[in-house]
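**Q** Sharing a structure below in structure tokens format, with a few things to ask.
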Protein chains: 2
Amino acid sequence: MKKICLLGATGSVGGNTLDVIQNHSEQFSLVGFSFNQNIVRAREIIRDFKPKFVTAGNPQFAQDLKHDFPEITVFSGLEGLVELASTDYDLILTAVMGSVGLHATIRAIELKRQIAIANKETLVMAGDFITALAKQNKVPLLTVDSEHSAILQCLQGVRREDVASVTITASGGSFRDRTRAELEGVTVEDALNHPNWSMGQKITIDSATMVNKGLEVIEAHFLFDLPYNQIKTILHRESVVHSMITMKDGASFAELGANDMRQPIQYALTYPNHLKIYNKKSFDLAEIGQLHFEAMDFQRFPMLALAYQVGEQGGSYPTVYNAANEIAVSAFLQGKITFLEIEQLITEAVETHQEVTDLDIDKIIRIDEETRVRVSRKIR
Amino acid sequence: MKKICLLGATGSVGGNTLDVIQNHSEQFSLVGFSFNQNIVRAREIIRDFKPKFVTAGNPQFAQDLKHDFPEITVFSGLEGLVELASTDYDLILTAVMGSVGLHATIRAIELKRQIAIANKETLVMAGDFITALAKQNKVPLLTVDSEHSAILQCLQGVRREDVASVTITASGGSFRDRTRAELEGVTVEDALNHPNWSMGQKITIDSATMVNKGLEVIEAHFLFDLPYNQIKTILHRESVVHSMITMKDGASFAELGANDMRQPIQYALTYPNHLKIYNKKSFDLAEIGQLHFEAMDFQRFPMLALAYQVGEQGGSYPTVYNAANEIAVSAFLQGKITFLEIEQLITEAVETHQEVTDLDIDKIIRIDEETRVRVSRKIR
């Protein structure tokens with residue numbers, strides 16, 4: 001029985017993870033989870049999975065749960081995530097939004113637990129640090145992003161030295177058929193209407209700006225230890241090919257299938273095996289009929305070009321890119337800025353960033369916080 | 001230095017194999033080869049590769065070569081193939097047409113050499129026998145057919161028990177856009193005009209009748225030890241996806257790339273690695289733009305349906321299917337029968353076949369020969 005700890009249980013990835021755990025209850029048990037705001041769903045999860053540890057988003061929720069479920073140890077807040085990550089489990093899946101998963105991930109690596117990252121911001125913000133720590137503790141970093149999982153799956157059968165490049169597919173997001181001029185005045189509702197995937201709000205906006213693909217390029221750099229010129233992106237509107245790798249002999253391997261997050265999640269939990277998924281979405285390539293591929297347009301999607309740039313610059317630049325994006329997206333979702341102002345805020349933050357050298361985790365966190373303050377001040 | 005023996009050096013696969021050997025002359029040397037009729041090319045190969053052993057298609061050619069190249073041991077005819085297969089080498093690649101490769105393949109397996117099969121007829125004709133012999137001698141059967149190589153490549157990273165099915169892609173051949181009514185009166189020249197691949201004549205006709213895909217289904221059954229209901233076929237006009245596998249969790253893996261036979265050939269020679277290929281064809285999915293997939297139409301391609309049928313029947317049936325096809329295709333190429341009569345001859349041969357039980361290799365060879373005689377007699 002593999003004991004699972006799940007950070008972010010009430011979100012989209014969290015729900016799919018619970019489904020996987022339930023489907024393979026002979027193999028997995030949920031020993032702990034965290035949630036931020038959705039206490040109604042948290043109570044259901046406690047009743048259904050009977051975990052030992054829960055971290056609530058705030059102390060009031062924690063108090064309520066302690067009262068109703070005295071058999072459970074309840075933590076709260078950011079420190080509560082680290083306390084949760086310090087408990088007894090085999091694998092931690094970090095599906096919390098944004099950079100809040102960083103400290104918990106670090107703790108889990110130090111404890112040499114299996115890590116499944118659904119939280120790409122952790123790697124983008126502190127990739128050098130996290131990958132060095134993982135290497136030092138001999139902890140493999142698994143991933144449940146469908147693109148990176150596809151690459152991880154494809155990489156299983158080959159020697160790393162034979163890999164020429166990886167190619168991350170991009171659906172193009174909610175606004176893929178609009179020109180840049182047509183992005184003026186788009187609404188939050190428009191942006192949240194993703195054509196292929198049902199996901200959380202932040203990642204849906206990130207898809208529309210292509211920041212999500214930018215974060216994925218940086219994540220791929222760290223996860224697979226690849227230089228940026230070996231990380232390609234391609235527009236693929238159907239999202240059927242989740243990503244691919246290309247070998248030195250010209251053979252490419254693609255992982256494709258239904259857009260069902262349970263596949264990459266279960267793969268991380270059962271790595272490197274492919275167990276049966278119950279009630280899985282049907283997938284018939286003949287029914288789909290056509291797959292389209294288009295060269296990435298970096299003029300249309302300047303945030304992806306910027307991601308390659310900050311990736312190549314390295315050091316503290318990806319941290320700034322990520323932090324600025326989190327603040328800008330949050331402001332957009334609150335109706336405080338327009339869609340195109342997301343791009344402006346990120347670009348400005350990167351351009352005005354004074355590079356910090358000799359990075360350590362404290363410096364990274366300070367840069368992250370400073371960037372958030374800096375960007376927030378620009379928002380009316 | 002891996003010593004290569006090449007059966008069928010002057011054909012299409014043979015030429016590509018020589019190219020691979022030349023490209024990686026630091027790893028491979030050609031120690032022996034066979035040819036049937038093209039003595040001009042055979043002389044070039046001898047000069048370029050300096051092999052120790054050569055088998056000529058007939059004694060006269062053998063005499064000529066012995067005279068001109070006294071340092072080389074020259075064999076001839078079918079026995080000469082077995083003599084060649086008995087020499088000193090590490091890997092034998094059998095790219096001879098039709099069933100003539102059978103005895104040489106058996107000898108190579110008995111000698112526990114690495115086997116790379118480009119000769120699918122061997123496996124179709126005597127699959128039970130060959131696979132049992134290979135198992136007994138612990139010899140893995142590699143393949144250089146692009147479809148089977150794609151499956152072999154995809155299978156590397158996964159547990160066999162997690163595989164749900166394999167899917168062989170089919171371009172549809174020269175007549176894919178014609179109805180059955182439009183197949184009346186097509187010429188040999190029409191049939192030889194394959195849309196995607198430049199191949200030998202027999203395999204090009206086999207593509208047009210879909211017998212080739214039928215042989216591949218049976219070959220896959222033997223190579224990968226899969227029941228027929230786990231071997232699917234799909235129409236894919238671009239031949240960009242060379243074939244794919246589907247896992248129990250719904251993930252599919254496809255191998256895709258340029259239509260360059262050197263990739264699967266080199267893969268068999270360097271298995272399981274993917275070394276660089278020099279001057280390889282460029283491959284850009286964005287440039288290709290679209291991939292099309294269509295459910296296989298078994299009414300349109302009855303020879304594929306028949307292949308599944310003889311495969312399921314097993315025993316001596318696939319032998320009959322293959323032998324009848326070889327005679328029929330040869331008669332079509334000689335202008336003796338029409339295109340649709342190929343189908344009729346094969347169907348008749350299978351329908352009138354009296355099943356033979358307790359098969360051994362001698363019985364298989366007798367069935368093969370009897371079928372050839374039987375079908376030949378039907379041809380005016």
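Chain labels A, B, ... are given in the sequence in which chains occur in the structure tokens; within each chain residues are numbered consecutively from 1, and ligands are likewise numbered from 1 in the order shown.
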Please return as an MDAnalysis selection string: the residues of stretch 15-239 of chain A that backbone DSSP assigns to alpha helix (DSSP H).
**A** chainID A and resid 15:23 39:49 59:68 77:85 102:110 120:136 146:155 188:191 201:209 211:224
**Q** Give me the residues near stretch 118-120 of chain B as a list in words, where near means some atom within 7 Å (using only C-alpha atoms) and where sequence neighbours in that chain fewer than 5 positions away do not count.
**A**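 Contacts, in chain order: Leu93, Thr94, Ala95, Val96, Met97, Gly98, Thr143, Val144, Asp145, Leu215 and Glu219 of chain B.
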**Q** Name the residues in contact with A:Met210 at a cut-off of 7 Å, using only C-alpha atoms, excluding same-chain residues fewer than 2 positions from it; report them as a PyMOL selection string.
**A** chain A and resi 206-208+212-214+301+303-304
**Q** Determine, using only C-alpha atoms, which residues of chain B have any atom at most 7 Å from an atom of chain A, and tabulate each with its shortest atom pair and distance in Å to one decimal place, rows ordered by chain and then rising number, as a tab-separated table.
**A**
residue	atom	partner	partner_atom	distance
B:Gln156	CA	A:Gly157	CA	4.4
B:Gly157	CA	A:Gly157	CA	3.6
B:Val158	CA	A:Asn273	CA	6.7
B:Arg159	CA	A:Asn273	CA	6.6
B:Asp162	CA	A:His274	CA	5.5
B:Met247	CA	A:His274	CA	6.3
B:Lys248	CA	A:Lys276	CA	4.6
B:Asp249	CA	A:Lys276	CA	4.6
B:Gly250	CA	A:Gly257	CA	6.3
B:Ala251	CA	A:Gly257	CA	5.4
B:Ser252	CA	A:Leu256	CA	5.1
B:Phe253	CA	A:Glu255	CA	4.7
B:Ala254	CA	A:Ala254	CA	5.2
B:Glu255	CA	A:Phe253	CA	4.7
B:Leu256	CA	A:Ser252	CA	5.1
B:Gly257	CA	A:Ala251	CA	5.3
B:Gln263	CA	A:Asp249	CA	6.2
B:Asn273	CA	A:Arg159	CA	6.6
B:His274	CA	A:Asp249	CA	5.5
B:Leu275	CA	A:Asp249	CA	5.5
B:Lys276	CA	A:Lys248	CA	4.6
B:Ile277	CA	A:Asp249	CA	4.9
B:Leu285	CA	A:Phe293	CA	6.3
B:Ala286	CA	A:Glu294	CA	4.4
B:Gly289	CA	A:Phe293	CA	4.8
B:Gln290	CA	A:His292	CA	4.6
B:Leu291	CA	A:Leu291	CA	5.1
B:His292	CA	A:Gln290	CA	4.6
B:Phe293	CA	A:Gly289	CA	4.7
B:Glu294	CA	A:Ala286	CA	4.4
B:Ala295	CA	A:Ala286	CA	5.0
**Q** Check the smallest atom-to-atom distance from each of B:Gln63, B:Thr357, B:Thr338, B:Asn16 to B:Gly185 using only C-alpha atoms, then report the winner.
**A**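 Once distances to B:Gly185 are computed over only C-alpha atoms, the minimum belongs to B:Thr338.
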**Q** Tell me which protein, DNA and RNA residues are within 10 Å of stretch 79-91 of chain B, counting only C-alpha atoms, leaving out same-chain ones fewer than 4 positions away, and put them as JSON, numbers by chain.
**A** {"B": [1, 2, 3, 4, 5, 6, 7, 8, 28, 29, 30, 31, 32, 33, 34, 35, 52, 53, 54, 55, 56, 57, 58, 59, 62, 73, 74, 75, 96, 100, 101, 102, 103, 104, 105, 106, 107, 108, 109, 110, 111, 112, 113, 114, 115, 116, 268, 269]}
**Q** Next, dump the selected residues to file, keeping only C-alpha atoms, as a short mmCIF file (atom, residue, chain, number, x, y, z; two decimals), in the first residue's frame.
**A**
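Writing done, so here's out16.cif:
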data_model
loop_
_atom_site.label_atom_id
_atom_site.label_comp_id
_atom_site.auth_asym_id
_atom_site.auth_seq_id
_atom_site.Cartn_x
_atom_site.Cartn_y
_atom_site.Cartn_z
CA MET B 1 32.95 -3.97 -34.65
CA LYS B 2 29.67 -5.75 -35.39
CA LYS B 3 29.90 -8.13 -38.34
CA ILE B 4 26.84 -7.93 -40.58
CA CYS B 5 25.55 -10.55 -43.00
CA LEU B 6 23.01 -9.15 -45.46
CA LEU B 7 20.61 -11.32 -47.44
CA GLY B 8 19.25 -9.36 -50.38
CA PHE B 28 29.71 -2.14 -38.56
CA SER B 29 31.38 -4.17 -41.27
CA LEU B 30 29.71 -6.16 -44.04
CA VAL B 31 31.20 -9.65 -43.93
CA GLY B 32 28.79 -11.33 -46.31
CA PHE B 33 25.86 -10.64 -48.61
CA SER B 34 23.59 -12.26 -51.15
CA PHE B 35 22.07 -10.97 -54.36
CA LYS B 52 34.46 -12.35 -47.26
CA PHE B 53 31.39 -14.24 -48.48
CA VAL B 54 28.90 -13.70 -51.29
CA THR B 55 25.93 -15.75 -52.44
CA ALA B 56 24.83 -15.24 -56.04
CA GLY B 57 21.36 -16.01 -57.37
CA ASN B 58 22.69 -18.58 -59.86
CA PRO B 59 25.86 -20.64 -60.49
CA ALA B 62 28.93 -17.26 -58.84
CA THR B 73 34.18 -17.32 -51.00
CA VAL B 74 31.22 -17.43 -53.37
CA PHE B 75 28.09 -19.57 -52.94
CA VAL B 96 15.31 -11.28 -49.53
CA VAL B 100 13.37 -17.91 -49.85
CA GLY B 101 14.82 -16.54 -46.62
CA LEU B 102 13.32 -19.27 -44.46
CA HIS B 103 16.15 -21.81 -44.31
CA ALA B 104 18.84 -19.19 -43.88
CA THR B 105 16.87 -17.63 -41.02
CA ILE B 106 16.53 -21.02 -39.34
CA ARG B 107 20.25 -21.63 -39.61
CA ALA B 108 21.04 -18.20 -38.17
CA ILE B 109 18.72 -18.82 -35.21
CA GLU B 110 20.29 -22.22 -34.57
CA LEU B 111 23.67 -20.50 -34.50
CA LYS B 112 22.20 -18.00 -31.97
CA ARG B 113 23.04 -14.98 -34.10
CA GLN B 114 21.15 -11.69 -33.89
CA ILE B 115 18.30 -11.74 -36.40
CA ALA B 116 16.90 -8.64 -38.11
CA ALA B 268 17.84 -3.12 -35.56
CA LEU B 269 21.61 -2.90 -35.97
#
**Q** Can you work out which one of B:Ala42, B:Ile117, B:Ile130, B:Ile218 has the shortest atom-to-atom distance to B:Ile361, counting only C-alpha atoms?
**A**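 Of B:Ala42, B:Ile117, B:Ile130, B:Ile218, the one nearest B:Ile361 is B:Ile130, counting only C-alpha atoms.
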**Q** Looking at only C-alpha atoms, which of A:Asp190, A:Asp368, A:Glu312, A:Glu238 is the one that sits closest to A:Gly172?
**A**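 Using only C-alpha atoms, the shortest distance to A:Gly172 belongs to A:Glu238.
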**Q** Among the residues of stretch 131-217 of chain B, find those DSSP assigns to strand (DSSP E) from the backbone and print them as a list of chain:residue names.
**A** B:Leu141, B:Leu142, B:Thr143, B:Val163, B:Ala164, B:Ser165, B:Val166, B:Thr167, B:Ile168, B:Thr169, B:Ala170
**Q** Measure the distance from atom CA of A:Ile92 to atom CA of A:Asp68 in Å and round it to one decimal.
**A** 25.5 Å
**Q** Can you tell me, as a ChimeraX atom specification, what residues are no more than 7 Å from A:His194 when counting only C-alpha atoms, ignoring any on the same chain fewer than 5 positions away?
**A** /A:173-174,204
**Q** Please indicate the distance in Å from atom CA of A:Ser165 to atom CA of A:Ala134, rounded to one decimal place.
**A**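 Value for the atom CA of A:Ser165-atom CA of A:Ala134 distance: 23.1 Å.
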**Q** Between A:Ile46, A:Val20, A:Ile342, A:Ala170, which residue has the minimum interatomic distance to A:Ser239, considering only C-alpha atoms?
**A** A:Ala170
**Q** Please report the interatomic distance between atom CA of B:Gln313 and atom CA of B:Gln230 in Å with one decimal.
**A**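 Atom CA of B:Gln230 lies 15.8 Å from atom CA of B:Gln313.
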**Q** For each of A:Val217, A:Thr233, A:Asp177, A:Ile367, take the minimum atom-to-atom distance to A:Phe298, counting only C-alpha atoms, then give the residue where this is smallest.
**A**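 Looking at the shortest contact to A:Phe298, the residue is A:Thr233.
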**Q** Give me the residues near stretch 223-225 of chain B as a PyMOL selection string, where near means some atom within 9 Å (using only C-alpha atoms) and where sequence neighbours in that chain fewer than 4 positions away do not count.
**A** chain B and resi 123+127+131+141-143+148+151-152+218-219
**Q** Those residues you just picked out, can you put them in a file as a CSV table (one decimal), in the first residue's frame with N, CA and C atoms?
**A**
chain,number,residue,atom,x,y,z
B,123,LEU,N,8.2,-15.1,-41.4
B,123,LEU,CA,7.4,-15.3,-40.2
B,123,LEU,C,5.9,-15.7,-40.5
B,127,GLY,N,5.6,-19.0,-38.8
B,127,GLY,CA,5.7,-18.2,-37.6
B,127,GLY,C,5.8,-19.0,-36.3
B,131,THR,N,9.3,-18.7,-34.2
B,131,THR,CA,9.2,-18.1,-32.9
B,131,THR,C,9.6,-19.1,-31.8
B,141,LEU,N,14.0,-11.8,-31.9
B,141,LEU,CA,13.8,-11.5,-33.4
B,141,LEU,C,13.6,-10.0,-33.5
B,142,LEU,N,14.5,-9.3,-34.1
B,142,LEU,CA,14.4,-7.9,-34.4
B,142,LEU,C,13.7,-7.7,-35.8
B,143,THR,N,13.2,-6.5,-36.1
B,143,THR,CA,12.5,-6.4,-37.3
B,143,THR,C,12.9,-5.0,-37.9
B,148,HIS,N,6.7,-2.5,-37.7
B,148,HIS,CA,7.0,-3.3,-36.5
B,148,HIS,C,8.2,-2.8,-35.8
B,151,ILE,N,6.6,-0.3,-33.4
B,151,ILE,CA,6.1,-1.0,-32.3
B,151,ILE,C,7.2,-1.4,-31.3
B,152,LEU,N,8.2,-2.0,-31.9
B,152,LEU,CA,9.3,-2.5,-31.1
B,152,LEU,C,9.9,-1.3,-30.3
B,218,ILE,N,-0.1,-10.5,-39.2
B,218,ILE,CA,0.3,-11.8,-38.8
B,218,ILE,C,1.7,-11.8,-38.3
B,219,GLU,N,2.6,-11.0,-38.9
B,219,GLU,CA,3.9,-10.8,-38.4
B,219,GLU,C,3.9,-10.3,-37.0
